[in-house]
file start12.txt (compact mmCIF, C-alpha atoms and all ligand atoms)
# COMPACT_ATOMS: atom_id res chain seq x y z
CA MET E 802 8.06 -32.44 22.51
CA SER E 803 9.46 -29.91 20.14
CA THR E 804 8.86 -29.84 16.42
CA ASN E 805 11.18 -28.29 13.88
CA LYS E 806 8.44 -26.63 11.87
CA PRO E 807 9.46 -22.98 11.59
CA THR E 808 6.89 -20.37 12.49
CA SER E 809 5.55 -18.79 9.32
CA LEU E 810 6.53 -15.25 8.45
CA THR E 811 2.92 -14.08 8.75
CA THR E 812 2.73 -15.44 12.30
CA ARG E 813 6.05 -13.85 13.20
CA ILE E 814 4.91 -10.49 11.87
CA ILE E 815 1.63 -10.75 13.78
CA ILE E 816 3.56 -11.57 16.96
CA GLY E 817 5.81 -8.54 16.37
CA MET E 818 2.79 -6.37 15.72
CA VAL E 819 0.80 -7.46 18.78
CA ALA E 820 3.87 -7.22 21.03
CA GLY E 821 4.52 -3.68 19.73
CA ILE E 822 0.90 -2.61 20.30
CA VAL E 823 0.82 -4.05 23.84
CA LEU E 824 4.15 -2.50 24.78
CA GLY E 825 3.10 0.84 23.26
CA GLN E 826 -0.10 0.84 25.32
CA ILE E 827 1.82 -0.04 28.51
CA LEU E 828 4.25 2.81 27.83
CA GLN E 829 1.29 5.12 27.26
CA LEU E 830 -0.11 4.20 30.66
CA LEU E 831 3.28 4.91 32.22
CA MET E 832 3.75 8.15 30.27
CA PRO E 833 0.34 9.70 29.53
CA ASP E 834 0.03 12.75 27.24
CA GLY E 835 3.54 12.60 25.86
CA SER E 836 5.19 12.83 29.30
CA ASP E 837 8.41 11.03 30.14
CA LEU E 838 9.40 8.58 32.86
CA VAL E 839 12.93 8.82 34.11
CA ILE E 840 14.39 5.84 35.91
CA PRO E 841 17.43 6.60 38.04
CA LEU E 842 20.19 4.08 37.43
CA ILE E 843 23.55 3.85 39.16
CA PHE E 844 25.52 5.71 36.51
CA ALA E 845 22.92 7.85 34.82
CA ASP E 846 19.20 8.44 34.57
CA LEU E 847 17.33 6.46 31.95
CA SER E 848 14.62 8.34 30.08
CA LEU E 849 12.05 5.78 28.91
CA ARG E 850 10.79 8.04 26.15
CA GLY E 851 14.20 9.25 25.07
CA PHE E 852 15.84 5.84 25.07
CA PHE E 853 13.06 3.56 23.87
CA VAL E 854 10.28 5.46 22.10
CA ASP E 855 12.20 8.28 20.42
CA GLY E 856 15.40 6.24 20.40
CA LEU E 857 15.48 2.51 19.83
CA PHE E 858 11.95 1.95 18.45
CA ASN E 859 11.88 5.07 16.35
CA VAL E 860 15.27 4.30 14.80
CA GLY E 861 14.36 0.64 14.20
CA GLY E 862 11.02 1.54 12.59
CA GLU E 863 12.41 4.31 10.42
CA ILE E 864 15.28 2.15 9.20
CA PHE E 865 12.86 -0.65 8.34
CA VAL E 866 10.62 1.61 6.23
CA ALA E 867 13.59 3.37 4.62
CA SER E 868 15.11 0.01 3.63
CA LEU E 869 11.87 -1.06 1.99
CA ARG E 870 11.59 2.22 0.13
CA MET E 871 15.25 1.97 -0.86
CA LEU E 872 14.39 -1.06 -2.97
CA VAL E 873 11.34 0.36 -4.72
CA VAL E 874 12.94 2.30 -7.58
CA PRO E 875 15.69 -0.21 -8.46
CA LEU E 876 13.29 -3.12 -8.19
CA VAL E 877 10.57 -1.55 -10.31
CA PHE E 878 13.08 -0.45 -12.95
CA VAL E 879 14.92 -3.75 -13.21
CA SER E 880 11.95 -6.10 -12.93
CA LEU E 881 9.86 -4.09 -15.36
CA ILE E 882 12.64 -4.17 -17.93
CA CYS E 883 12.90 -7.94 -17.48
CA GLY E 884 9.12 -8.20 -17.75
CA THR E 885 8.86 -6.13 -20.92
CA CYS E 886 11.76 -7.95 -22.53
CA SER E 887 10.29 -11.35 -21.82
CA LEU E 888 7.01 -10.49 -23.51
CA LYS E 889 7.40 -12.19 -26.84
CA ASP E 890 5.22 -9.62 -28.51
CA THR E 891 5.67 -6.12 -27.17
CA THR E 892 2.60 -4.89 -29.02
CA LYS E 893 0.68 -6.79 -26.34
CA LEU E 894 1.71 -4.05 -23.94
CA GLY E 895 -1.04 -1.74 -25.13
CA ARG E 896 -3.70 -4.37 -24.48
CA ILE E 897 -2.30 -5.26 -21.06
CA GLY E 898 -2.11 -1.57 -20.16
CA GLY E 899 -5.69 -1.02 -21.32
CA LYS E 900 -7.07 -3.92 -19.27
CA THR E 901 -5.10 -2.96 -16.18
CA ILE E 902 -6.03 0.70 -16.19
CA THR E 903 -9.70 -0.06 -16.91
CA LEU E 904 -9.86 -2.47 -13.97
CA TYR E 905 -8.05 -0.05 -11.67
CA LEU E 906 -10.39 2.81 -12.53
CA LEU E 907 -13.45 0.61 -12.33
CA THR E 908 -12.64 -0.78 -8.88
CA THR E 909 -11.90 2.73 -7.61
CA ALA E 910 -15.20 4.03 -8.95
CA ILE E 911 -17.06 1.10 -7.32
CA ALA E 912 -15.23 1.77 -4.05
CA ILE E 913 -16.02 5.45 -3.82
CA THR E 914 -19.64 5.07 -4.97
CA PHE E 915 -20.22 2.37 -2.36
CA ALA E 916 -18.53 4.52 0.30
CA MET E 917 -20.67 7.56 -0.43
CA THR E 918 -23.86 5.50 -0.54
CA ILE E 919 -23.21 3.97 2.89
CA ALA E 920 -22.15 7.34 4.29
CA LEU E 921 -25.36 8.96 3.03
CA LEU E 922 -27.43 6.17 4.55
CA VAL E 923 -25.70 6.29 7.94
CA GLY E 924 -25.11 10.04 8.09
CA PRO E 925 -21.91 10.10 10.20
CA GLY E 926 -21.82 13.90 10.33
CA GLU E 927 -25.48 14.55 11.11
CA GLY E 928 -26.01 16.47 14.32
CA VAL E 929 -22.25 16.73 14.85
CA ASN E 930 -21.10 20.15 15.90
CA MET E 931 -17.40 20.55 15.72
CA ALA E 932 -14.96 23.34 15.17
CA ALA E 933 -12.02 22.60 12.95
CA ASN E 934 -8.83 23.43 14.73
CA THR E 935 -6.36 22.67 12.02
CA THR E 936 -5.80 24.50 8.80
CA PHE E 937 -4.95 22.57 5.72
CA ALA E 938 -3.43 23.94 2.55
CA SER E 939 -5.14 22.64 -0.54
CA ARG E 940 -3.60 21.87 -3.88
CA GLU E 941 -5.35 21.86 -7.18
CA ALA E 942 -6.21 18.54 -8.75
CA PRO E 943 -4.09 17.98 -11.85
CA SER E 944 -5.81 18.12 -15.23
CA LEU E 945 -5.81 15.02 -17.39
CA ALA E 946 -3.47 16.74 -19.85
CA GLN E 947 -0.99 17.47 -17.06
CA VAL E 948 -1.15 13.88 -15.86
CA PHE E 949 -0.21 12.61 -19.33
CA ILE E 950 2.59 15.14 -19.86
CA GLN E 951 4.06 14.46 -16.44
CA MET E 952 4.25 10.75 -17.11
CA PHE E 953 7.18 11.30 -19.44
CA PRO E 954 10.46 12.09 -17.70
CA SER E 955 12.65 14.69 -19.34
CA ASN E 956 15.40 13.40 -17.09
CA PRO E 957 15.12 9.75 -16.02
CA PHE E 958 17.72 10.21 -13.31
CA ALA E 959 15.62 12.95 -11.75
CA ALA E 960 12.66 10.57 -11.90
CA PHE E 961 14.71 7.91 -10.08
CA ALA E 962 15.93 10.39 -7.51
CA GLU E 963 12.43 11.68 -6.80
CA GLY E 964 10.95 8.19 -6.87
CA ASN E 965 8.40 9.36 -9.44
CA MET E 966 6.85 5.99 -10.11
CA LEU E 967 4.87 6.78 -13.27
CA GLN E 968 7.95 8.28 -14.91
CA VAL E 969 10.10 5.33 -13.85
CA ILE E 970 7.48 2.96 -15.30
CA VAL E 971 7.34 4.82 -18.63
CA PHE E 972 11.13 4.92 -18.94
CA ALA E 973 11.50 1.24 -18.04
CA LEU E 974 8.82 0.26 -20.56
CA LEU E 975 10.47 2.21 -23.37
CA PHE E 976 13.90 0.88 -22.44
CA GLY E 977 12.58 -2.69 -22.30
CA ILE E 978 10.89 -2.39 -25.69
CA ALA E 979 14.08 -1.00 -27.22
CA MET E 980 16.06 -3.86 -25.70
CA ALA E 981 13.66 -6.43 -27.12
CA LEU E 982 14.13 -4.83 -30.52
CA SER E 983 17.92 -4.63 -30.33
CA GLY E 984 18.83 -8.21 -31.21
CA GLU E 985 21.99 -9.57 -29.65
CA ALA E 986 22.94 -6.37 -27.87
CA GLY E 987 19.54 -6.35 -26.19
CA GLN E 988 19.84 -10.01 -25.23
CA ARG E 989 23.22 -9.46 -23.60
CA ILE E 990 21.85 -6.64 -21.45
CA ALA E 991 18.72 -8.66 -20.71
CA LYS E 992 20.87 -11.35 -19.06
CA LEU E 993 22.48 -8.73 -16.88
CA PHE E 994 19.10 -7.35 -15.86
CA GLU E 995 17.80 -10.83 -15.05
CA ASP E 996 20.74 -11.40 -12.73
CA LEU E 997 20.24 -7.99 -11.18
CA ASN E 998 16.60 -8.81 -10.66
CA ALA E 999 17.46 -12.04 -8.85
CA VAL E 1000 19.86 -10.19 -6.54
CA ILE E 1001 17.40 -7.40 -5.73
CA MET E 1002 14.67 -9.95 -5.08
CA ARG E 1003 17.05 -11.66 -2.65
CA LEU E 1004 17.45 -8.37 -0.85
CA VAL E 1005 13.67 -8.14 -0.62
CA THR E 1006 13.62 -11.60 0.95
CA ILE E 1007 16.24 -10.65 3.51
CA LEU E 1008 14.27 -7.57 4.47
CA MET E 1009 11.02 -9.49 4.70
CA ASN E 1010 12.67 -11.78 7.20
CA LEU E 1011 13.59 -8.84 9.37
CA ALA E 1012 10.06 -7.45 9.17
CA PRO E 1013 8.80 -8.78 12.54
CA TYR E 1014 11.37 -6.58 14.32
CA GLY E 1015 10.66 -3.58 12.12
CA VAL E 1016 6.91 -3.95 12.59
CA PHE E 1017 7.39 -4.30 16.35
CA CYS E 1018 9.31 -1.01 16.46
CA LEU E 1019 6.76 0.80 14.27
CA MET E 1020 3.82 -0.34 16.39
CA ALA E 1021 5.52 0.36 19.72
CA THR E 1022 6.31 3.95 18.65
CA LEU E 1023 2.85 4.55 17.21
CA PHE E 1024 0.82 3.09 20.06
CA THR E 1025 2.76 4.90 22.77
CA ASP E 1026 1.22 8.15 21.61
CA LEU E 1027 -1.91 7.09 19.74
CA SER E 1028 -4.69 8.63 21.73
CA LEU E 1029 -8.08 7.00 21.48
CA ASN E 1030 -9.69 10.02 23.18
CA THR E 1031 -9.84 11.83 19.85
CA PHE E 1032 -12.54 9.43 18.68
CA GLY E 1033 -15.51 11.07 20.46
CA ASN E 1034 -17.72 12.53 17.71
CA LEU E 1035 -15.73 10.72 15.07
CA ILE E 1036 -16.54 7.21 16.12
CA VAL E 1037 -19.39 6.84 13.58
CA TYR E 1038 -17.19 8.28 10.80
CA PHE E 1039 -14.39 5.91 11.80
CA LEU E 1040 -16.66 2.88 11.86
CA VAL E 1041 -18.29 3.70 8.52
CA VAL E 1042 -14.89 4.01 6.80
CA LEU E 1043 -13.73 0.80 8.45
CA PHE E 1044 -16.90 -1.07 7.49
CA VAL E 1045 -16.68 -0.05 3.83
CA LEU E 1046 -12.94 -0.83 3.69
CA LEU E 1047 -13.46 -4.32 5.09
CA THR E 1048 -16.49 -4.99 2.88
CA HIS E 1049 -14.54 -3.91 -0.18
CA ALA E 1050 -11.64 -6.22 0.70
CA PHE E 1051 -13.63 -9.23 1.86
CA VAL E 1052 -16.71 -9.05 -0.39
CA THR E 1053 -16.17 -6.88 -3.49
CA TYR E 1054 -12.68 -8.15 -4.39
CA PRO E 1055 -13.54 -11.83 -3.92
CA ILE E 1056 -16.65 -11.42 -6.08
CA ILE E 1057 -14.71 -9.66 -8.87
CA LEU E 1058 -11.96 -12.28 -8.70
CA LYS E 1059 -14.43 -15.16 -8.81
CA VAL E 1060 -16.48 -13.68 -11.66
CA LEU E 1061 -13.52 -12.69 -13.84
CA THR E 1062 -11.23 -15.67 -13.23
CA GLY E 1063 -13.19 -18.45 -11.52
CA LEU E 1064 -10.38 -18.74 -8.94
CA ASN E 1065 -11.09 -19.49 -5.28
CA PRO E 1066 -11.12 -16.12 -3.44
CA LEU E 1067 -10.39 -17.75 -0.08
CA ILE E 1068 -6.98 -18.87 -1.31
CA PHE E 1069 -6.37 -15.36 -2.57
CA LEU E 1070 -7.29 -13.75 0.75
CA LYS E 1071 -5.20 -16.23 2.72
CA LYS E 1072 -2.15 -15.61 0.57
CA MET E 1073 -2.66 -11.85 0.82
CA ARG E 1074 -2.01 -11.80 4.58
CA THR E 1075 1.72 -11.07 4.65
CA THR E 1076 1.51 -8.29 2.05
CA ALA E 1077 -1.49 -6.72 3.79
CA LEU E 1078 0.37 -6.77 7.10
CA PHE E 1079 3.33 -4.97 5.54
CA ALA E 1080 1.05 -2.31 4.08
CA PHE E 1081 -0.85 -2.01 7.35
CA SER E 1082 2.23 -1.46 9.48
CA THR E 1083 4.03 0.87 7.08
CA ALA E 1084 0.82 2.68 5.95
CA SER E 1085 2.37 2.83 2.51
CA SER E 1086 1.51 0.85 -0.59
CA ASN E 1087 4.55 2.35 -2.23
CA ALA E 1088 7.00 1.02 0.35
CA THR E 1089 5.19 -2.33 0.10
CA ILE E 1090 5.79 -2.68 -3.68
CA PRO E 1091 8.71 -5.11 -3.24
CA VAL E 1092 6.60 -7.39 -1.04
CA THR E 1093 3.50 -7.12 -3.25
CA LEU E 1094 5.58 -8.01 -6.30
CA GLU E 1095 7.27 -10.93 -4.60
CA SER E 1096 3.94 -12.32 -3.41
CA ALA E 1097 2.11 -11.74 -6.72
CA THR E 1098 4.75 -13.72 -8.60
CA LYS E 1099 5.89 -16.37 -6.13
CA LYS E 1100 2.71 -17.02 -4.14
CA MET E 1101 -0.12 -16.11 -6.47
CA GLY E 1102 1.55 -17.41 -9.64
CA VAL E 1103 1.38 -14.35 -11.90
CA ASN E 1104 4.20 -14.10 -14.41
CA ASN E 1105 6.69 -11.28 -13.80
CA SER E 1106 5.98 -9.91 -17.29
CA ILE E 1107 2.55 -8.83 -16.00
CA ALA E 1108 3.16 -8.25 -12.28
CA SER E 1109 6.24 -6.06 -12.77
CA PHE E 1110 3.97 -3.66 -14.65
CA THR E 1111 0.66 -3.91 -12.81
CA VAL E 1112 1.98 -3.83 -9.22
CA PRO E 1113 3.97 -0.55 -9.32
CA LEU E 1114 1.30 1.00 -11.53
CA GLY E 1115 -1.34 -0.03 -9.01
CA ALA E 1116 0.61 1.37 -6.07
CA THR E 1117 0.52 4.71 -7.87
CA ILE E 1118 -2.85 4.94 -9.55
CA ASN E 1119 -5.05 2.41 -7.78
CA MET E 1120 -6.06 3.43 -4.31
CA ASP E 1121 -9.48 2.03 -3.59
CA GLY E 1122 -9.02 2.26 0.17
CA THR E 1123 -8.06 5.91 -0.12
CA ALA E 1124 -11.03 6.59 -2.39
CA ILE E 1125 -13.30 5.03 0.24
CA MET E 1126 -11.99 7.33 2.94
CA GLN E 1127 -12.44 10.31 0.61
CA GLY E 1128 -16.02 9.35 -0.20
CA VAL E 1129 -17.05 9.00 3.44
CA ALA E 1130 -15.05 12.07 4.50
CA THR E 1131 -16.69 14.28 1.86
CA VAL E 1132 -20.17 13.29 2.99
CA PHE E 1133 -19.15 13.67 6.65
CA ILE E 1134 -17.69 17.15 6.16
CA ALA E 1135 -20.65 18.28 4.06
CA GLN E 1136 -23.00 17.17 6.85
CA VAL E 1137 -20.99 18.82 9.61
CA PHE E 1138 -20.90 22.11 7.69
CA ASN E 1139 -24.54 21.76 6.62
CA VAL E 1140 -23.80 21.89 2.92
CA ASP E 1141 -26.16 20.10 0.55
CA LEU E 1142 -24.28 18.38 -2.24
CA THR E 1143 -26.03 17.77 -5.54
CA LEU E 1144 -25.77 14.68 -7.70
CA SER E 1145 -23.32 16.44 -10.00
CA ASP E 1146 -21.19 17.30 -6.94
CA TYR E 1147 -21.05 13.62 -6.07
CA LEU E 1148 -20.03 12.74 -9.61
CA MET E 1149 -17.38 15.43 -9.34
CA VAL E 1150 -16.10 13.80 -6.15
CA ILE E 1151 -15.77 10.46 -7.93
CA LEU E 1152 -13.95 12.05 -10.85
CA THR E 1153 -11.59 14.20 -8.80
CA ALA E 1154 -10.77 11.44 -6.33
CA THR E 1155 -9.90 9.10 -9.18
CA LEU E 1156 -7.85 11.72 -11.03
CA ALA E 1157 -6.08 12.87 -7.88
CA SER E 1158 -4.95 9.32 -7.18
CA ILE E 1159 -3.18 9.11 -10.55
CA GLY E 1160 0.33 10.31 -10.09
CA THR E 1161 0.14 10.50 -6.30
CA ALA E 1162 2.38 7.87 -4.75
CA GLY E 1163 0.92 5.69 -2.01
CA VAL E 1164 2.74 7.01 1.03
CA PRO E 1165 1.45 7.60 4.57
CA GLY E 1166 -1.18 10.31 4.86
CA VAL E 1167 -1.24 11.25 1.20
CA GLY E 1168 -4.97 10.47 1.12
CA LEU E 1169 -5.64 13.63 3.14
CA ILE E 1170 -3.77 15.78 0.63
CA MET E 1171 -5.83 14.25 -2.13
CA LEU E 1172 -8.96 14.88 -0.08
CA ALA E 1173 -8.09 18.58 -0.03
CA MET E 1174 -8.32 18.61 -3.83
CA VAL E 1175 -11.66 16.84 -3.74
CA LEU E 1176 -13.15 19.22 -1.17
CA ASP E 1177 -11.92 22.21 -3.14
CA GLN E 1178 -13.58 20.94 -6.30
CA VAL E 1179 -17.03 20.77 -4.72
CA GLY E 1180 -16.61 23.96 -2.70
CA LEU E 1181 -16.42 22.37 0.75
CA PRO E 1182 -14.13 23.97 3.34
CA VAL E 1183 -10.72 22.36 3.24
CA GLU E 1184 -10.38 23.00 7.00
CA GLY E 1185 -12.85 20.12 7.35
CA ILE E 1186 -9.83 17.84 7.10
CA GLY E 1187 -8.77 19.13 10.49
CA LEU E 1188 -11.84 17.38 11.91
CA ILE E 1189 -10.86 13.90 10.82
CA ILE E 1190 -7.10 14.06 11.04
CA GLY E 1191 -7.13 12.77 14.62
CA VAL E 1192 -8.41 9.33 13.67
CA ASP E 1193 -6.70 9.11 10.33
CA ARG E 1194 -3.62 7.10 11.17
CA LEU E 1195 -5.41 3.84 11.91
CA LEU E 1196 -7.59 4.31 8.85
CA ASP E 1197 -4.50 5.10 6.77
CA MET E 1198 -2.98 1.79 7.83
CA THR E 1199 -6.15 -0.13 7.00
CA ARG E 1200 -6.72 1.55 3.64
CA SER E 1201 -3.12 0.91 2.61
CA ALA E 1202 -3.75 -2.80 3.23
CA VAL E 1203 -6.89 -2.56 1.07
CA ASN E 1204 -4.95 -0.71 -1.63
CA VAL E 1205 -2.37 -3.48 -2.02
CA THR E 1206 -5.09 -6.14 -1.96
CA GLY E 1207 -6.77 -4.37 -4.89
CA ASP E 1208 -3.48 -4.13 -6.79
CA THR E 1209 -2.86 -7.85 -6.35
CA MET E 1210 -6.41 -8.83 -7.30
CA VAL E 1211 -6.20 -6.88 -10.57
CA THR E 1212 -2.72 -8.33 -11.21
CA ILE E 1213 -4.14 -11.85 -10.96
CA VAL E 1214 -7.08 -11.03 -13.24
CA VAL E 1215 -4.85 -9.50 -15.92
CA GLY E 1216 -2.31 -12.33 -15.57
CA LYS E 1217 -5.04 -14.95 -15.99
CA LYS E 1218 -6.66 -13.20 -18.95
CA GLU E 1219 -3.27 -12.88 -20.67
CA ASN E 1220 -2.32 -16.53 -19.98
CA GLN E 1221 0.59 -15.36 -17.89
CA PHE E 1222 -0.61 -17.18 -14.81
CA ASN E 1223 0.42 -20.45 -13.21
CA GLU E 1224 -2.61 -21.94 -11.48
CA GLU E 1225 -0.52 -24.66 -9.84
CA ILE E 1226 1.43 -22.04 -7.92
CA PHE E 1227 -1.81 -20.29 -6.94
CA LEU E 1228 -3.29 -23.53 -5.61
CA ASP E 1229 -0.10 -24.62 -3.85
CA GLU E 1230 -0.41 -23.65 -0.20
CA ASN E 1231 3.34 -23.71 0.26
CA ALA E 1232 4.24 -21.69 -2.81
CA GLY E 1233 6.64 -18.89 -1.97
CA LYS E 1234 7.23 -20.24 1.53
CA ASP E 1235 10.95 -20.57 0.77
CA ILE E 1236 11.18 -16.79 0.46
CA GLU E 1237 9.93 -16.52 4.00
CA GLU E 1238 12.55 -18.72 5.54
CA ILE E 1239 15.95 -17.41 4.70
CA ASP E 1240 18.91 -18.99 6.41
CA PHE E 1241 21.10 -16.11 7.46
CA HIS E 1242 23.99 -18.47 8.28
CA HIS E 1243 24.52 -18.91 4.58
CA LEU E 1244 25.49 -15.29 4.39
CA LYS E 1245 28.66 -16.24 6.22
CA ASP E 1246 29.67 -19.01 3.81
N1 LIG U 1301 -1.19 5.49 2.75
C1 LIG U 1301 -1.97 5.12 1.60
C2 LIG U 1301 -1.19 4.18 0.74
O1 LIG U 1301 0.01 4.17 0.76
C3 LIG U 1301 -2.42 6.31 0.82
C4 LIG U 1301 -3.38 7.12 1.66
O2 LIG U 1301 -4.57 6.80 1.62
O3 LIG U 1301 -2.96 8.02 2.39
O4 LIG U 1301 -1.73 3.40 0.02
call {"tool": "encode", "arguments": {"input": "start12.txt", "output": "structure tokens"}}
result
Amino acid sequence: MSTNKPTSLTTRIIIGMVAGIVLGQILQLLMPDGSDLVIPLIFADLSLRGFFVDGLFNVGGEIFVASLRMLVVPLVFVSLICGTCSLKDTTKLGRIGGKTITLYLLTTAIAITFAMTIALLVGPGEGVNMAANTTFASREAPSLAQVFIQMFPSNPFAAFAEGNMLQVIVFALLFGIAMALSGEAGQRIAKLFEDLNAVIMRLVTILMNLAPYGVFCLMATLFTDLSLNTFGNLIVYFLVVLFVLLTHAFVTYPIILKVLTGLNPLIFLKKMRTTALFAFSTASSNATIPVTLESATKKMGVNNSIASFTVPLGATINMDGTAIMQGVATVFIAQVFNVDLTLSDYLMVILTATLASIGTAGVPGVGLIMLAMVLDQVGLPVEGIGLIIGVDRLLDMTRSAVNVTGDTMVTIVVGKKENQFNEEIFLDENAGKDIEEIDFHHLKD
């Protein structure tokens, strides 16, 4: 007997992901160490690697991520303007900003302190003797003054073109405030922006519906070449990072949410699944912004006036998962190189990791670049990064999922505190389901 109940988007994405992983592993067995398998066909030879891995899957995966990223700047700009405009009292912005940034910094500090404590207790680098085989160029951590100055775009179009999220946020906020203060002229433009917002959100929906295929391609490409042999000495490091990441997501966030809002954390975690899967498979909280925003408003019930500000801001300045990796990695590298860090060094790590995350967009692998700044600050050899790079991809995926979970949790807290939160939507299991089931036939009408 067949039922007409459509499979949920989360299930479809998981199916795409598992199928991609399994196929990738089969291809790896057929083509170990990056080799190729050529199948002679009647007309021509078929290169498995060339046609599928570097061809079809690579193209599919890249197009999927590029399409998500394509929406980030227009969506943030338009939805933030709508959000700012709809705030009856724009002076509230300062208070909302204050609460959001405080919570973001606080959760990051908790994350990195917890990570370093566990790493010191377990000692993942003790007795490990490894030679770094990769060099890594370090960059200086920006000073607080620089961070503030660089938030203001001298050319907004350059900010759009570079995807500089903080600058886009600042410009959109100022533009939105000016619109709210411009009487009828502002109201006319506001209508246009609201319509634009609806259309861009529709585009997000369409893309989300294609995600199972995109995720399949990404996983198949990645797992064809992901070698688990690199784990060796790094297995303890890997497990410590993973343990802290999962504890932060499944224990710390639920506790903070419960204490600050009284909401049921299980509902929150359940509704987080689709967004976390997007972040996991793209390894980018930045590319996931459209999905995080859609889910924060339509599934969790936070008003767009809050979410349009907190979500893109979070994707840029709030990276708890990344901070966790940096905390464990610093301890690990110090132990491998037999360097004793003092308490003030550890405080320096917390400060630099938090500062480095401000203004660094959440894209794949950026955590390692930020780690270079942290290591530099406490005088540890930056080449140490070469030790952990081999197992970083899987951790990158996991910490991106944690990053977006943190952004959403803070968004809910701020939304609730500001009375810009609809609890009925939060409690409704089916809220936002319509965005997951788009009927593509309507596109033809
Ligand atoms: N990929 C992470 C993110 O987008 C950042 C990182 O830790 O590398 O959130």
call {"tool": "closest_residue", "arguments": {"input": "start12.txt", "among": "E:Val1164, E:Leu1144, E:Val1112, E:Leu1195", "to": "ligand LIG 1301 (chain U)", "atoms": "all atoms listed in the file"}}
result
E:Val1164
call {"tool": "residues_around", "arguments": {"input": "start12.txt", "residues": "stretch 1078-1088 of chain E", "least_positions_apart": "6", "cutoff": "8 Å", "atoms": "all atoms listed in the file", "output": "JSON, numbers by chain"}}
result
{"E": [811, 814, 815, 818, 866, 869, 870, 873, 1016, 1019, 1020, 1113, 1116, 1117, 1162, 1163, 1164, 1165, 1166, 1197, 1198, 1199, 1200, 1201, 1202, 1204, 1205]}
call {"tool": "atom_distance", "arguments": {"input": "start12.txt", "atom1": "atom CA of E:Val1060", "atom2": "atom CA of E:Ala916"}}
result
21.9 Å
call {"tool": "atom_distance", "arguments": {"input": "start12.txt", "atom1": "atom CA of E:Val1045", "atom2": "atom CA of E:Pro1182"}}
result
24.2 Å
call {"tool": "axis_aligned_box", "arguments": {"input": "start12.txt", "around": "ligand LIG 1301 (chain U)", "padding_each_side": "6 Å", "output": "JSON"}}
result
{"center_x": -2.3, "center_y": 5.7, "center_z": 1.4, "size_x": 16.6, "size_y": 16.6, "size_z": 14.7}
call {"tool": "residues_around", "arguments": {"input": "start12.txt", "residues": "E:Val971", "least_positions_apart": "6", "cutoff": "8 Å", "atoms": "all atoms listed in the file", "output": "PyMOL selection string"}}
result
chain E and resi 952-954
call {"tool": "write_last_selection", "arguments": {"input": "start12.txt", "atoms": "C-alpha atoms", "output": "PDB file, keeping the file's coordinate frame"}}
result
ATOM      1  CA  MET E 952       4.250  10.750 -17.110  1.00  0.00           C
ATOM      2  CA  PHE E 953       7.180  11.300 -19.440  1.00  0.00           C
ATOM      3  CA  PRO E 954      10.460  12.090 -17.700  1.00  0.00           C
TER       4      PRO E 954
END
call {"tool": "residues_around", "arguments": {"input": "start12.txt", "residues": "E:Gly1015", "least_positions_apart": "5", "cutoff": "8 Å", "atoms": "all atoms listed in the file", "output": "PyMOL selection string"}}
result
chain E and resi 861-862+864-866
call {"tool": "atom_distance", "arguments": {"input": "start12.txt", "atom1": "atom CA of E:Leu1156", "atom2": "atom CA of E:Met966"}}
result
15.8 Å
call {"tool": "closest_residue", "arguments": {"input": "start12.txt", "among": "E:Val1215, E:Ala986, E:Leu967, E:Leu1169", "to": "ligand LIG 1301 (chain U)", "atoms": "all atoms listed in the file"}}
result
E:Leu1169
call {"tool": "closest_residue", "arguments": {"input": "start12.txt", "among": "E:Phe852, E:Phe972, E:Phe1039, E:Phe844", "to": "E:Phe1110", "atoms": "only C-alpha atoms"}}
result
E:Phe972
call {"tool": "residues_around", "arguments": {"input": "start12.txt", "residues": "stretch 1226-1230 of chain E", "least_positions_apart": "5", "cutoff": "10 Å", "atoms": "only C-alpha atoms", "output": "list of chain:residue names"}}
result
E:Leu1064, E:Asn1065, E:Ile1068, E:Phe1069, E:Lys1071, E:Lys1072, E:Ala1097, E:Thr1098, E:Lys1099, E:Lys1100, E:Met1101, E:Gly1102, E:Val1103, E:Ile1213
call {"tool": "closest_residue", "arguments": {"input": "start12.txt", "among": "E:Val1042, E:Met1174, E:Val1214, E:Ala1232", "to": "E:Pro925", "atoms": "only C-alpha atoms"}}
result
E:Val1042
call {"tool": "residues_around", "arguments": {"input": "start12.txt", "residues": "stretch 1178-1181 of chain E", "least_positions_apart": "5", "cutoff": "8 Å", "atoms": "only C-alpha atoms", "output": "JSON, numbers by chain"}}
result
{"E": [1134, 1135, 1140, 1146, 1149, 1150, 1153]}
call {"tool": "write_last_selection", "arguments": {"input": "start12.txt", "atoms": "C-alpha atoms", "output": "mmCIF file, keeping the file's coordinate frame"}}
result
data_model
loop_
_atom_site.group_PDB
_atom_site.id
_atom_site.type_symbol
_atom_site.label_atom_id
_atom_site.label_comp_id
_atom_site.auth_asym_id
_atom_site.auth_seq_id
_atom_site.Cartn_x
_atom_site.Cartn_y
_atom_site.Cartn_z
ATOM 1 C CA ILE E 1134 -17.690 17.150 6.160
ATOM 2 C CA ALA E 1135 -20.650 18.280 4.060
ATOM 3 C CA VAL E 1140 -23.800 21.890 2.920
ATOM 4 C CA ASP E 1146 -21.190 17.300 -6.940
ATOM 5 C CA MET E 1149 -17.380 15.430 -9.340
ATOM 6 C CA VAL E 1150 -16.100 13.800 -6.150
ATOM 7 C CA THR E 1153 -11.590 14.200 -8.800
#
call {"tool": "closest_residue", "arguments": {"input": "start12.txt", "among": "E:Leu906, E:Leu1046, E:Leu921, E:Leu1004", "to": "ligand LIG 1301 (chain U)", "atoms": "all atoms listed in the file"}}
result
E:Leu1046
call {"tool": "residues_near_point", "arguments": {"input": "start12.txt", "point": "(-2.9, 15.9, 0.5)", "cutoff": "12 Å", "atoms": "all atoms listed in the file", "output": "VMD selection string"}}
result
chain E and resid 937 to 942 1123 1127 1154 1157 to 1158 1161 to 1177 1183 1186 1190
